[in-house]
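To be precise, the following lines are target09.cif, and they hold mmCIF, C-alpha atoms.
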```cif
data_protein
loop_
_atom_site.label_atom_id
_atom_site.label_comp_id
_atom_site.auth_asym_id
_atom_site.auth_seq_id
_atom_site.Cartn_x
_atom_site.Cartn_y
_atom_site.Cartn_z
CA MET A 1 -18.75 7.43 2.31
CA ASN A 2 -15.34 9.00 2.66
CA ILE A 3 -12.97 7.62 5.26
CA PRO A 4 -11.36 10.31 7.40
CA ARG A 5 -7.66 9.65 7.25
CA ARG A 6 -6.86 11.43 10.47
CA LYS A 7 -5.08 9.53 13.19
CA VAL A 8 -6.77 7.07 15.49
CA ALA A 9 -6.31 8.24 19.04
CA LEU A 10 -7.60 5.85 21.65
CA ALA A 11 -8.02 8.18 24.61
CA CYS A 12 -10.32 7.80 27.59
CA ALA A 13 -13.60 9.67 27.18
CA THR A 14 -14.34 12.55 29.50
CA ALA A 15 -17.68 12.80 31.25
CA THR A 16 -18.67 15.65 28.95
CA LEU A 17 -17.92 13.66 25.81
CA ALA A 18 -19.78 10.67 27.13
CA ALA A 19 -22.82 12.77 27.96
CA THR A 20 -22.75 14.34 24.49
CA ALA A 21 -22.51 10.91 22.89
CA LEU A 22 -25.54 9.66 24.78
CA ALA A 23 -27.46 12.79 23.89
CA GLY A 24 -27.24 11.74 20.24
CA CYS A 25 -29.50 8.75 20.90
CA GLY A 26 -33.25 9.05 20.97
CA SER A 27 -36.36 6.96 20.69
CA ASP A 28 -35.61 6.13 17.06
CA SER A 29 -32.36 4.50 18.13
CA GLU A 30 -34.15 2.41 20.69
CA THR A 31 -36.68 1.32 18.10
CA ALA A 32 -33.90 0.44 15.67
CA SER A 33 -32.08 -1.72 18.19
CA THR A 34 -35.17 -3.67 19.28
CA GLY A 35 -37.19 -4.07 16.10
CA ALA A 36 -37.01 -7.38 14.28
CA LYS A 37 -36.43 -5.56 11.00
CA ALA A 38 -34.46 -2.60 12.25
CA LEU A 39 -30.80 -1.71 12.61
CA GLU A 40 -28.97 1.02 14.48
CA VAL A 41 -25.59 2.13 13.15
CA VAL A 42 -23.33 4.37 15.22
CA TYR A 43 -20.64 6.46 13.59
CA TRP A 44 -18.09 9.11 14.49
CA ASN A 45 -19.62 12.54 13.88
CA TYR A 46 -16.40 14.24 12.76
CA GLY A 47 -18.16 16.58 10.33
CA PRO A 48 -20.78 16.95 7.58
CA ALA A 49 -19.11 14.35 5.35
CA ALA A 50 -19.55 11.71 8.04
CA GLU A 51 -23.28 12.27 8.18
CA SER A 52 -23.80 12.42 4.42
CA GLY A 53 -21.60 9.43 3.73
CA ASN A 54 -23.21 7.14 6.29
CA LYS A 55 -26.66 8.31 5.24
CA ALA A 56 -25.92 7.49 1.60
CA THR A 57 -25.00 3.94 2.56
CA ALA A 58 -28.04 3.55 4.83
CA ASP A 59 -30.41 4.96 2.21
CA ALA A 60 -29.03 2.61 -0.42
CA PHE A 61 -29.51 -0.36 1.92
CA THR A 62 -33.10 0.54 2.77
CA LYS A 63 -33.89 1.05 -0.90
CA ALA A 64 -32.68 -2.51 -1.52
CA HIS A 65 -34.40 -3.73 1.68
CA PRO A 66 -37.55 -1.59 2.06
CA ASP A 67 -38.76 -3.66 5.01
CA VAL A 68 -35.75 -2.66 7.13
CA LYS A 69 -35.50 0.55 9.16
CA VAL A 70 -31.93 1.88 9.62
CA THR A 71 -31.29 4.49 12.29
CA LEU A 72 -28.00 6.38 12.26
CA THR A 73 -26.67 7.55 15.60
CA PRO A 74 -23.86 10.11 15.49
CA VAL A 75 -21.39 9.84 18.36
CA THR A 76 -19.08 12.71 19.17
CA GLY A 77 -15.37 12.53 19.81
CA GLU A 78 -12.38 14.74 19.28
CA ASN A 79 -10.77 11.85 17.42
CA TRP A 80 -11.37 8.21 16.58
CA GLY A 81 -10.29 7.14 20.06
CA THR A 82 -12.69 9.21 22.09
CA TYR A 83 -15.40 8.13 19.67
CA TYR A 84 -14.60 4.47 20.42
CA ALA A 85 -14.66 5.16 24.13
CA ASN A 86 -17.98 6.97 23.81
CA VAL A 87 -19.50 4.03 21.94
CA ALA A 88 -18.39 1.76 24.78
CA THR A 89 -20.04 4.16 27.24
CA LEU A 90 -23.21 4.20 25.15
CA ILE A 91 -23.43 0.41 25.20
CA ALA A 92 -22.66 0.25 28.92
CA SER A 93 -25.60 2.59 29.50
CA GLY A 94 -27.95 -0.04 28.09
CA LYS A 95 -28.22 1.00 24.44
CA LYS A 96 -28.01 -1.82 21.93
CA PRO A 97 -26.68 -0.58 18.56
CA ASP A 98 -26.09 -3.19 15.88
CA LEU A 99 -23.04 -1.87 14.01
CA MET A 100 -20.40 0.79 14.39
CA VAL A 101 -17.91 2.35 12.02
CA ILE A 102 -14.26 1.70 12.90
CA SER A 103 -10.91 2.34 11.29
CA GLY A 104 -8.36 -0.43 10.99
CA GLU A 105 -6.26 0.96 13.80
CA GLY A 106 -9.22 0.45 16.15
CA ALA A 107 -9.42 -3.31 15.63
CA GLN A 108 -7.33 -4.04 18.73
CA PHE A 109 -9.45 -1.69 20.85
CA VAL A 110 -12.86 -3.05 19.91
CA HIS A 111 -11.62 -6.64 20.18
CA SER A 112 -9.87 -6.26 23.53
CA ASN A 113 -12.91 -4.46 24.94
CA LYS A 114 -15.19 -7.24 23.67
CA LEU A 115 -17.41 -4.84 21.74
CA VAL A 116 -17.73 -6.75 18.48
CA LYS A 117 -18.98 -10.07 17.19
CA PRO A 118 -16.37 -11.65 14.87
CA ILE A 119 -17.67 -12.65 11.44
CA ASN A 120 -15.75 -15.93 11.05
CA GLU A 121 -18.94 -17.97 11.27
CA TYR A 122 -20.66 -15.87 8.62
CA LEU A 123 -17.69 -16.15 6.30
CA GLU A 124 -17.80 -19.93 6.65
CA LYS A 125 -21.55 -20.43 6.31
CA ASP A 126 -22.72 -17.65 3.98
CA ALA A 127 -22.89 -19.04 0.45
CA GLY A 128 -22.00 -15.68 -1.10
CA ALA A 129 -19.19 -14.78 1.25
CA LYS A 130 -16.44 -16.55 -0.69
CA ALA A 131 -17.15 -14.58 -3.86
CA ILE A 132 -16.79 -11.39 -1.84
CA THR A 133 -13.61 -12.33 0.00
CA ASP A 134 -12.03 -13.68 -3.20
CA ASP A 135 -12.42 -10.15 -4.60
CA ILE A 136 -10.74 -8.55 -1.57
CA ALA A 137 -6.97 -8.59 -1.07
CA GLN A 138 -5.92 -10.92 1.73
CA GLY A 139 -4.00 -8.11 3.38
CA LEU A 140 -7.23 -6.18 3.93
CA ILE A 141 -8.75 -9.18 5.69
CA ASP A 142 -5.59 -9.79 7.73
CA GLY A 143 -5.56 -6.14 8.75
CA PHE A 144 -8.93 -6.58 10.47
CA THR A 145 -8.08 -9.92 12.08
CA VAL A 146 -7.15 -10.05 15.77
CA LYS A 147 -6.09 -13.35 17.35
CA GLY A 148 -7.83 -15.27 14.58
CA ASP A 149 -11.06 -13.30 14.83
CA VAL A 150 -12.09 -11.44 11.68
CA ILE A 151 -13.53 -8.18 13.00
CA THR A 152 -15.15 -6.89 9.81
CA LEU A 153 -14.92 -6.65 6.06
CA SER A 154 -13.30 -3.37 5.04
CA TYR A 155 -15.35 -1.25 2.64
CA GLY A 156 -12.56 1.21 1.80
CA TRP A 157 -8.94 1.82 2.61
CA ASN A 158 -5.78 3.82 1.92
CA ASP A 159 -2.24 2.63 1.43
CA MET A 160 1.00 4.59 1.54
CA VAL A 161 2.55 5.51 -1.81
CA VAL A 162 4.95 8.23 -2.95
CA TYR A 163 3.42 11.22 -4.76
CA TYR A 164 5.72 13.08 -7.12
CA ASN A 165 5.26 16.40 -8.89
CA THR A 166 5.64 15.63 -12.59
CA ASP A 167 6.35 19.26 -13.51
CA VAL A 168 9.22 19.48 -11.01
CA PHE A 169 10.69 16.21 -12.29
CA GLN A 170 10.41 17.33 -15.92
CA LYS A 171 11.93 20.73 -15.24
CA ALA A 172 14.89 19.12 -13.48
CA GLY A 173 15.32 16.53 -16.24
CA VAL A 174 14.80 13.67 -13.79
CA GLU A 175 13.15 10.45 -14.93
CA PRO A 176 10.02 9.36 -13.04
CA PRO A 177 10.74 6.81 -10.31
CA LYS A 178 10.42 3.13 -11.16
CA PRO A 179 8.67 0.56 -8.96
CA ASP A 180 11.90 -1.27 -8.20
CA TRP A 181 13.80 1.77 -6.91
CA THR A 182 15.81 1.47 -3.71
CA TRP A 183 16.54 3.79 -0.81
CA ASP A 184 19.79 4.78 -2.52
CA ASP A 185 17.94 5.51 -5.77
CA PHE A 186 15.39 7.54 -3.87
CA LYS A 187 18.02 9.62 -2.10
CA ALA A 188 19.87 10.31 -5.35
CA VAL A 189 16.64 11.50 -6.98
CA ALA A 190 15.66 13.60 -3.96
CA LYS A 191 19.07 15.30 -3.96
CA LYS A 192 18.69 16.29 -7.62
CA LEU A 193 15.36 17.88 -6.80
CA SER A 194 16.61 19.84 -3.76
CA VAL A 195 17.51 23.34 -4.91
CA ASP A 196 18.46 26.75 -3.52
CA THR A 197 16.28 28.80 -5.86
CA ASN A 198 16.95 32.23 -4.35
CA GLY A 199 20.70 31.91 -3.85
CA ASP A 200 20.73 32.45 -0.08
CA GLY A 201 22.74 29.30 0.55
CA THR A 202 19.83 27.25 1.86
CA ASN A 203 17.59 24.95 -0.13
CA ASP A 204 14.02 26.18 -0.47
CA GLN A 205 12.90 23.43 -2.86
CA TYR A 206 13.14 19.98 -1.33
CA GLY A 207 13.13 16.49 -2.77
CA PHE A 208 10.90 14.97 -0.11
CA THR A 209 9.06 15.55 3.13
CA TRP A 210 6.72 13.66 5.44
CA ALA A 211 3.91 14.42 7.87
CA SER A 212 4.83 15.56 11.36
CA ASN A 213 1.46 14.92 12.97
CA GLU A 214 0.81 11.26 12.11
CA ILE A 215 2.95 8.13 12.00
CA PHE A 216 0.91 6.53 9.19
CA PRO A 217 2.07 8.96 6.45
CA GLY A 218 5.21 9.67 8.47
CA ILE A 219 7.77 7.08 9.50
CA MET A 220 5.78 3.85 9.15
CA PRO A 221 6.50 3.09 5.45
CA TRP A 222 10.22 3.50 6.12
CA VAL A 223 10.13 1.37 9.26
CA ALA A 224 8.21 -1.35 7.42
CA ASN A 225 10.62 -1.34 4.48
CA ALA A 226 13.54 -1.61 6.86
CA GLY A 227 11.91 -4.85 8.01
CA GLY A 228 10.71 -3.50 11.34
CA ASN A 229 7.69 -2.34 13.28
CA LEU A 230 7.06 -0.25 16.38
CA THR A 231 5.46 -3.15 18.25
CA SER A 232 5.74 -6.91 18.43
CA ASP A 233 3.50 -9.05 16.25
CA ASP A 234 1.04 -9.53 19.12
CA VAL A 235 1.05 -5.76 19.79
CA CYS A 236 2.00 -6.51 23.39
CA GLN A 237 5.50 -5.01 23.44
CA ALA A 238 7.11 -1.89 22.03
CA THR A 239 10.03 -2.36 19.63
CA ALA A 240 10.85 1.30 19.01
CA ASP A 241 14.59 0.98 19.56
CA SER A 242 15.13 -2.04 17.31
CA PRO A 243 17.91 -1.95 14.69
CA GLN A 244 15.29 -1.69 11.93
CA VAL A 245 13.60 1.36 13.46
CA ASN A 246 17.00 2.93 14.07
CA LYS A 247 17.86 2.41 10.40
CA ALA A 248 14.63 4.00 9.13
CA VAL A 249 14.73 7.03 11.44
CA THR A 250 18.44 7.57 10.74
CA PHE A 251 17.72 7.58 7.00
CA LEU A 252 15.02 10.22 7.40
CA ASN A 253 17.12 12.28 9.80
CA ASP A 254 19.99 12.27 7.32
CA LEU A 255 17.65 13.69 4.65
CA ILE A 256 17.10 16.70 6.90
CA LYS A 257 20.79 17.07 7.74
CA GLU A 258 21.74 16.97 4.07
CA GLY A 259 19.14 19.55 3.01
CA VAL A 260 17.11 17.03 1.04
CA ALA A 261 14.08 17.41 3.31
CA PRO A 262 12.80 20.20 5.54
CA ALA A 263 11.66 19.52 9.07
CA PRO A 264 8.47 17.41 8.93
CA MET A 265 5.27 19.47 8.70
CA PRO A 266 1.49 18.95 8.97
CA MET A 267 -0.02 17.26 5.94
CA SER A 268 -2.01 20.36 4.97
CA ASP A 269 1.27 22.27 4.57
CA VAL A 270 2.71 19.40 2.57
CA PHE A 271 -0.19 19.64 0.10
CA THR A 272 0.34 23.39 -0.40
CA ARG A 273 4.08 23.18 -0.90
CA PHE A 274 3.76 20.16 -3.21
CA GLN A 275 1.31 22.00 -5.47
CA ASN A 276 3.52 25.08 -5.70
CA GLY A 277 6.62 23.01 -6.47
CA GLN A 278 8.51 23.54 -3.22
CA ILE A 279 8.23 19.83 -2.40
CA ALA A 280 8.93 17.29 -5.14
CA MET A 281 7.75 14.13 -3.33
CA PHE A 282 5.77 13.11 -0.27
CA GLY A 283 3.98 10.04 1.03
CA ALA A 284 0.23 9.57 1.46
CA GLY A 285 -2.74 7.41 0.48
CA ARG A 286 -5.39 8.22 -2.10
CA TRP A 287 -6.89 11.08 -0.11
CA PRO A 288 -4.71 13.90 -1.60
CA ILE A 289 -6.56 13.71 -4.92
CA ALA A 290 -9.71 14.99 -3.22
CA THR A 291 -7.74 18.19 -2.60
CA PHE A 292 -5.67 18.32 -5.78
CA LEU A 293 -8.23 17.59 -8.49
CA PRO A 294 -10.99 20.00 -7.43
CA ALA A 295 -8.27 22.69 -7.28
CA GLY A 296 -7.31 21.88 -10.87
CA PHE A 297 -3.91 20.45 -9.94
CA LYS A 298 -3.07 17.39 -12.02
CA SER A 299 0.73 17.56 -12.31
CA PHE A 300 1.36 14.50 -10.18
CA ASP A 301 1.63 10.74 -10.27
CA ILE A 302 2.39 8.00 -7.73
CA GLN A 303 4.89 5.23 -7.19
CA LEU A 304 5.60 2.56 -4.59
CA TYR A 305 7.81 3.50 -1.69
CA PRO A 306 11.44 2.61 -2.41
CA LYS A 307 12.57 -0.80 -1.28
CA GLY A 308 14.83 -1.08 1.73
CA ASP A 309 15.79 -4.45 3.16
CA THR A 310 12.29 -5.49 2.12
CA TYR A 311 9.10 -3.99 0.72
CA LYS A 312 5.84 -4.01 2.64
CA THR A 313 2.63 -2.14 1.94
CA VAL A 314 1.49 0.03 4.84
CA PHE A 315 -2.27 0.56 4.83
CA GLY A 316 -5.34 1.37 6.88
CA GLY A 317 -9.02 0.81 6.20
CA ALA A 318 -12.50 1.10 7.67
CA GLY A 319 -15.48 -1.16 8.18
CA TYR A 320 -18.80 -1.74 9.94
CA PRO A 321 -18.27 -4.50 12.53
CA ILE A 322 -21.25 -6.18 14.14
CA LEU A 323 -21.57 -5.27 17.80
CA LYS A 324 -22.18 -7.86 20.49
CA SER A 325 -25.00 -5.63 21.70
CA SER A 326 -26.91 -6.27 18.47
CA GLN A 327 -30.23 -8.03 18.77
CA ASN A 328 -30.20 -8.58 15.01
CA PRO A 329 -26.71 -9.90 14.18
CA ASP A 330 -27.82 -11.78 11.07
CA LEU A 331 -29.43 -8.66 9.66
CA ALA A 332 -26.35 -6.67 10.69
CA TRP A 333 -24.24 -9.10 8.67
CA GLU A 334 -26.42 -8.37 5.62
CA TYR A 335 -25.72 -4.66 6.15
CA GLN A 336 -21.98 -5.24 6.46
CA LYS A 337 -22.01 -7.28 3.24
CA PHE A 338 -23.93 -4.49 1.53
CA THR A 339 -21.16 -2.00 2.37
CA VAL A 340 -18.85 -3.96 0.07
CA SER A 341 -21.43 -4.45 -2.68
CA ASP A 342 -20.71 -3.17 -6.18
CA GLU A 343 -23.22 -0.37 -5.69
CA ILE A 344 -21.44 1.07 -2.66
CA GLU A 345 -17.91 0.31 -3.81
CA LYS A 346 -18.39 2.15 -7.10
CA GLY A 347 -19.12 5.29 -5.13
CA TYR A 348 -15.55 5.34 -3.83
CA VAL A 349 -14.18 5.47 -7.37
CA GLY A 350 -15.69 8.87 -8.11
CA THR A 351 -15.11 10.95 -11.23
CA PRO A 352 -12.28 13.20 -12.43
CA ASP A 353 -14.24 16.19 -11.08
CA LYS A 354 -15.40 14.54 -7.86
CA PRO A 355 -12.91 11.78 -7.03
CA GLY A 356 -13.26 9.48 -4.07
CA ASP A 357 -10.57 9.79 -1.42
CA SER A 358 -10.43 6.09 -0.55
CA ILE A 359 -9.69 2.91 -2.45
CA PRO A 360 -12.55 0.43 -2.90
CA SER A 361 -11.85 -2.84 -1.10
CA ARG A 362 -13.20 -4.91 -3.98
CA ARG A 363 -10.40 -5.53 -6.46
CA SER A 364 -12.73 -5.59 -9.46
CA VAL A 365 -14.06 -2.14 -8.61
CA ALA A 366 -10.74 -0.57 -7.64
CA HIS A 367 -9.28 -1.34 -11.05
CA THR A 368 -11.98 0.77 -12.71
CA ILE A 369 -10.42 3.96 -11.30
CA SER A 370 -8.05 4.25 -14.23
CA GLN A 371 -10.76 3.17 -16.67
CA VAL A 372 -13.02 6.11 -15.79
CA GLY A 373 -10.13 8.54 -16.06
CA VAL A 374 -9.61 9.54 -12.42
CA PRO A 375 -5.96 10.59 -11.95
CA PRO A 376 -3.25 9.76 -11.24
CA ALA A 377 -2.15 7.90 -14.35
CA ASN A 378 -0.61 5.15 -12.24
CA SER A 379 -3.76 4.65 -10.14
CA ASP A 380 -3.80 0.85 -10.60
CA LEU A 381 -0.80 0.86 -8.30
CA TYR A 382 -3.03 1.61 -5.30
CA TYR A 383 -4.57 -1.85 -5.34
CA ASP A 384 -1.57 -3.60 -6.83
CA SER A 385 0.47 -2.52 -3.82
CA ILE A 386 -1.68 -4.57 -1.47
CA ASP A 387 -2.50 -7.36 -3.94
CA LYS A 388 1.03 -8.13 -5.10
CA PHE A 389 3.21 -7.32 -2.12
CA GLU A 390 3.53 -8.34 1.50
CA THR A 391 1.63 -6.11 3.91
CA LEU A 392 2.59 -4.68 7.28
CA VAL A 393 0.36 -6.62 9.67
CA PRO A 394 -0.31 -5.78 12.37
CA TYR A 395 -0.35 -2.03 12.12
CA PRO A 396 1.22 -0.87 15.42
CA ALA A 397 -2.00 0.23 17.13
CA PRO A 398 -2.18 -0.90 20.75
CA ALA A 399 -5.36 -0.26 22.74
CA LYS A 400 -3.81 2.90 24.21
CA TYR A 401 -3.15 4.28 20.75
CA SER A 402 -3.62 7.94 21.62
CA THR A 403 -0.87 7.89 24.21
CA PHE A 404 1.22 5.62 22.01
CA GLU A 405 1.20 7.85 18.94
CA SER A 406 1.65 11.11 20.82
CA THR A 407 4.66 9.62 22.62
CA VAL A 408 6.20 8.44 19.35
CA LEU A 409 5.64 11.81 17.67
CA ARG A 410 7.07 13.77 20.61
CA HIS A 411 10.31 11.82 20.58
CA LEU A 412 10.56 11.97 16.78
CA GLN A 413 10.17 15.73 16.90
CA GLN A 414 13.12 15.95 19.27
CA ILE A 415 15.20 13.72 17.00
CA PHE A 416 14.36 15.57 13.78
CA ALA A 417 14.94 18.94 15.48
CA GLY A 418 18.47 17.83 16.39
CA GLU A 419 17.77 17.95 20.12
CA THR A 420 18.90 14.35 20.60
CA THR A 421 20.57 11.60 18.60
CA VAL A 422 18.60 8.88 16.87
CA PRO A 423 19.79 6.07 19.21
CA ASP A 424 19.24 8.13 22.36
CA GLY A 425 15.85 9.41 21.17
CA LEU A 426 14.59 5.94 20.29
CA LYS A 427 15.91 4.53 23.55
CA ALA A 428 13.97 7.18 25.47
CA MET A 429 10.90 6.47 23.32
CA GLN A 430 11.15 2.76 24.04
CA GLY A 431 11.39 3.44 27.77
CA GLU A 432 8.11 5.36 27.76
CA LEU A 433 6.33 2.95 25.44
CA THR A 434 7.13 -0.04 27.64
CA GLY A 435 4.36 0.95 29.99
CA ILE A 436 1.96 1.92 27.20
CA VAL A 437 2.15 -1.10 24.88
CA THR A 438 0.90 -3.97 27.02
CA CYS A 439 -1.55 -6.86 26.86
#
```
I need this file expressed as structure tokens, please.
Amino acid sequence: MNIPRRKVALACATATLAATALAGCGSDSETASTGAKALEVVYWNYGPAAESGNKATADAFTKAHPDVKVTLTPVTGENWGTYYANVATLIASGKKPDLMVISGEGAQFVHSNKLVKPINEYLEKDAGAKAITDDIAQGLIDGFTVKGDVITLSYGWNDMVVYYNTDVFQKAGVEPPKPDWTWDDFKAVAKKLSVDTNGDGTNDQYGFTWASNEIFPGIMPWVANAGGNLTSDDVCQATADSPQVNKAVTFLNDLIKEGVAPAPMPMSDVFTRFQNGQIAMFGAGRWPIATFLPAGFKSFDIQLYPKGDTYKTVFGGAGYPILKSSQNPDLAWEYQKFTVSDEIEKGYVGTPDKPGDSIPSRRSVAHTISQVGVPPANSDLYYDSIDKFETLVPYPAPAKYSTFESTVLRHLQQIFAGETTVPDGLKAMQGELTGIVTC
């Protein structure tokens, strides 16, 4: 199953959304939640891929366990957040699903709302659990741990790396970036790749850009590598105006001022301009290859983000936590384990023609990406980045994530548009976030 990379937005559900969510449950769901050998799995119905992906996993599980009935219940939502809220409404109405799909940014929400059963006990008592967790990077486990409670095993994930257009680099005579490059190295490279191709006095080919509509492939890698975060470690206080955040946002703002980067743009526009050579570098996870390769575009490779005062891997994943409403938690644990089995994990690798857009959580499987010939050439770096480097934990995702992210993006837009200074913009951001990031 593919993991939608789109932002997690933890908004309150409207009555209409809640009613629609409940309408997705029928008698089969009730049977699944009450039967001794039945499971009900709820998932965000964001599109056809969500249905097909979850069905593939469920079908594979029932093939391996023919005595178990798995019912899939799609739950609507305009984003991850309203989906979470609708699942909470569903459970409050008396339904008893066994598992739900969440993204890593939702761990705080489902934990604080007491929706999930932590798996610590299973990890300690299940004889096969150690072999599984030993094959999963510690950062992926830490990323789904809240106050000592392990929420779920992650079946797939994405980290943030720098994509670079190999044709643009070659044409400019610029060497590919090395894993130990610094912010200064990065800026020097980006300047060489920023060109006024039509002679109108303004650059129309840029060295770098970043997404305007999400903080994950936007400012977060820079904030992390400056040694900062947007919240405290307990995700109870905003830290948006810290010296580290100021340093990261100033660096990005200077790229715009110096003509090295255009104003940030939606990721879909980044993809288009990267493929046509107007953007030399951008940041993302593995998901761009699902756009690039089917279109026949292979002139790219990846590298770690440049090191600032530190280097930390910024990542997000997804998993199937066991719900407290489950009447079959032990069977639900078997399902969660199955989602990280070799059979399922290999599906995320894909082929050169049909690549997966997520990274398998099992190390042994992830390293087969390069072996089966799925670009980019440096694909081992995806897993190495989380296996060999410190990770940004926690990801700044308070329970009110929708309001949090929209507030951050609004103030960043004003900063990058030159409507306010970096210090003043971040100070205003911090003032608003103080009432949003709480425990």
**Complete:** CA of Val249 in chain A sits from CA of Met220 in chain A at a separation of 9.8 Å
**Message:** Neighbouring residues of Ala248 in chain A were defined as those with any atom within 7 Å, considering only C-alpha atoms; residues of the same chain fewer than 6 positions away were excluded. Please report them as a PyMOL selection string.
**Reply:** chain A and resi 222-223+226
**Message:** For the provided coordinates, the residues matched by the PyMOL selection byres ((chain A and resi 185-202) around 12) should be stated as a ChimeraX atom specification.
**Reply:** /A:162,164-184,203-209,222,251-252,254-262,277-282,303-308
**Request:** Name the closest residue to Pro329 in chain A among the candidates A:Ala56, A:Val68, A:Ile119, A:Val87; distances are taken between atoms, counting only C-alpha atoms.
**Result:**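 Closest residue, counting only C-alpha atoms: A:Ile119.
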**Message:** Running the PyMOL selection byres ((chain A and resi 412) around 9) on this model by hand, what would come out? Give it as number ranges by chain.
**Reply:** A: 212, 249, 407-411, 413-417, 422, 425-426, 429
Put those residues in a file: C-alpha atoms, as a compact mmCIF listing (two decimals), in the coordinates of the input.
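Output saved as out03.txt:
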```txt
# COMPACT_ATOMS: atom_id res chain seq x y z
CA SER A 212 4.83 15.56 11.36
CA VAL A 249 14.73 7.03 11.44
CA THR A 407 4.66 9.62 22.62
CA VAL A 408 6.20 8.44 19.35
CA LEU A 409 5.64 11.81 17.67
CA ARG A 410 7.07 13.77 20.61
CA HIS A 411 10.31 11.82 20.58
CA GLN A 413 10.17 15.73 16.90
CA GLN A 414 13.12 15.95 19.27
CA ILE A 415 15.20 13.72 17.00
CA PHE A 416 14.36 15.57 13.78
CA ALA A 417 14.94 18.94 15.48
CA VAL A 422 18.60 8.88 16.87
CA GLY A 425 15.85 9.41 21.17
CA LEU A 426 14.59 5.94 20.29
CA MET A 429 10.90 6.47 23.32
```
**Item:** Residue neighbourhood Ala377 in chain A, 9 Å, all atoms listed in the file, exclusion window fewer than 6 positions, as a PyMOL selection string
**Value:** chain A and resi 300-302+370
**Shortest interatomic distance to Tyr311 in chain A - which of A:Ala224, A:Ile132, A:Ala49, A:Ala295, counting all atoms listed in the file** =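 Closest to Tyr311 in chain A, using all atoms listed in the file: A:Ala224.
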Please build the interface table for range 203-238 of chain A against range 155-161 of chain A with a cut-off of 12 Å, listing for each qualifying residue the nearest atom pair and the distance in Å to one decimal; count only C-alpha atoms, order rows by chain and increasing number, and write it as CSV.
```
residue,atom,partner,partner_atom,distance
A:Trp210,CA,A:Met160,CA,11.4
A:Ile215,CA,A:Met160,CA,11.2
A:Phe216,CA,A:Met160,CA,7.9
A:Pro217,CA,A:Met160,CA,6.7
A:Gly218,CA,A:Met160,CA,9.6
A:Ile219,CA,A:Met160,CA,10.7
A:Met220,CA,A:Met160,CA,9.0
A:Pro221,CA,A:Met160,CA,6.9
A:Trp222,CA,A:Met160,CA,10.4
A:Ala224,CA,A:Met160,CA,11.0
A:Asn225,CA,A:Met160,CA,11.7
```
**Message:** What would the selection look like, as a list in words, if the PyMOL selection byres ((chain A and resi 297) around 12) were run on the coordinates I just shared?
**Reply:** Asn165, Thr166, Asp167, Phe271, Thr272, Phe274, Gln275, Asn276, Gly277, Pro288, Ile289, Ala290, Thr291, Phe292, Leu293, Pro294, Ala295, Gly296, Lys298, Ser299, Phe300, Asp301, Pro352, Asp353, Pro375 and Pro376 of chain A
**Prompt:** To one decimal place, how far is CA of Ser341 in chain A from CA of Thr368 in chain A in Å?
**Reply:**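 Straight-line distance from CA of Ser341 in chain A to CA of Thr368 in chain A works out to 14.7 Å.
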**Message:** I want to know what sits within 10 Å of Tyr320 in chain A, based on only C-alpha atoms, with residues of the same chain fewer than 2 positions away left out; could you give that as a list in words?
**Reply:**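 What passes the distance filter is Val41, Val42, Tyr43, Asp98, Leu99, Met100, Val101, Ile102, Ser103, Val116, Ile151, Thr152, Leu153, Ser154, Tyr155, Ala318, Ile322, Leu323, Ala332, Trp333, Tyr335, Gln336, Lys337 and Thr339 of chain A.
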Using C-alpha atoms, can you write the selected residues to a file as a tab-separated table (two decimals), in the coordinates of the input?
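What follows is the written file again_18.tsv:
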```tsv
chain	number	residue	atom	x	y	z
A	41	VAL	CA	-25.59	2.13	13.15
A	42	VAL	CA	-23.33	4.37	15.22
A	43	TYR	CA	-20.64	6.46	13.59
A	98	ASP	CA	-26.09	-3.19	15.88
A	99	LEU	CA	-23.04	-1.87	14.01
A	100	MET	CA	-20.40	0.79	14.39
A	101	VAL	CA	-17.91	2.35	12.02
A	102	ILE	CA	-14.26	1.70	12.90
A	103	SER	CA	-10.91	2.34	11.29
A	116	VAL	CA	-17.73	-6.75	18.48
A	151	ILE	CA	-13.53	-8.18	13.00
A	152	THR	CA	-15.15	-6.89	9.81
A	153	LEU	CA	-14.92	-6.65	6.06
A	154	SER	CA	-13.30	-3.37	5.04
A	155	TYR	CA	-15.35	-1.25	2.64
A	318	ALA	CA	-12.50	1.10	7.67
A	322	ILE	CA	-21.25	-6.18	14.14
A	323	LEU	CA	-21.57	-5.27	17.80
A	332	ALA	CA	-26.35	-6.67	10.69
A	333	TRP	CA	-24.24	-9.10	8.67
A	335	TYR	CA	-25.72	-4.66	6.15
A	336	GLN	CA	-21.98	-5.24	6.46
A	337	LYS	CA	-22.01	-7.28	3.24
A	339	THR	CA	-21.16	-2.00	2.37
```
**Prompt:** What gap, in Å, lies between CA of Thr391 in chain A and CA of Met267 in chain A?
**Reply:** 23.5 Å
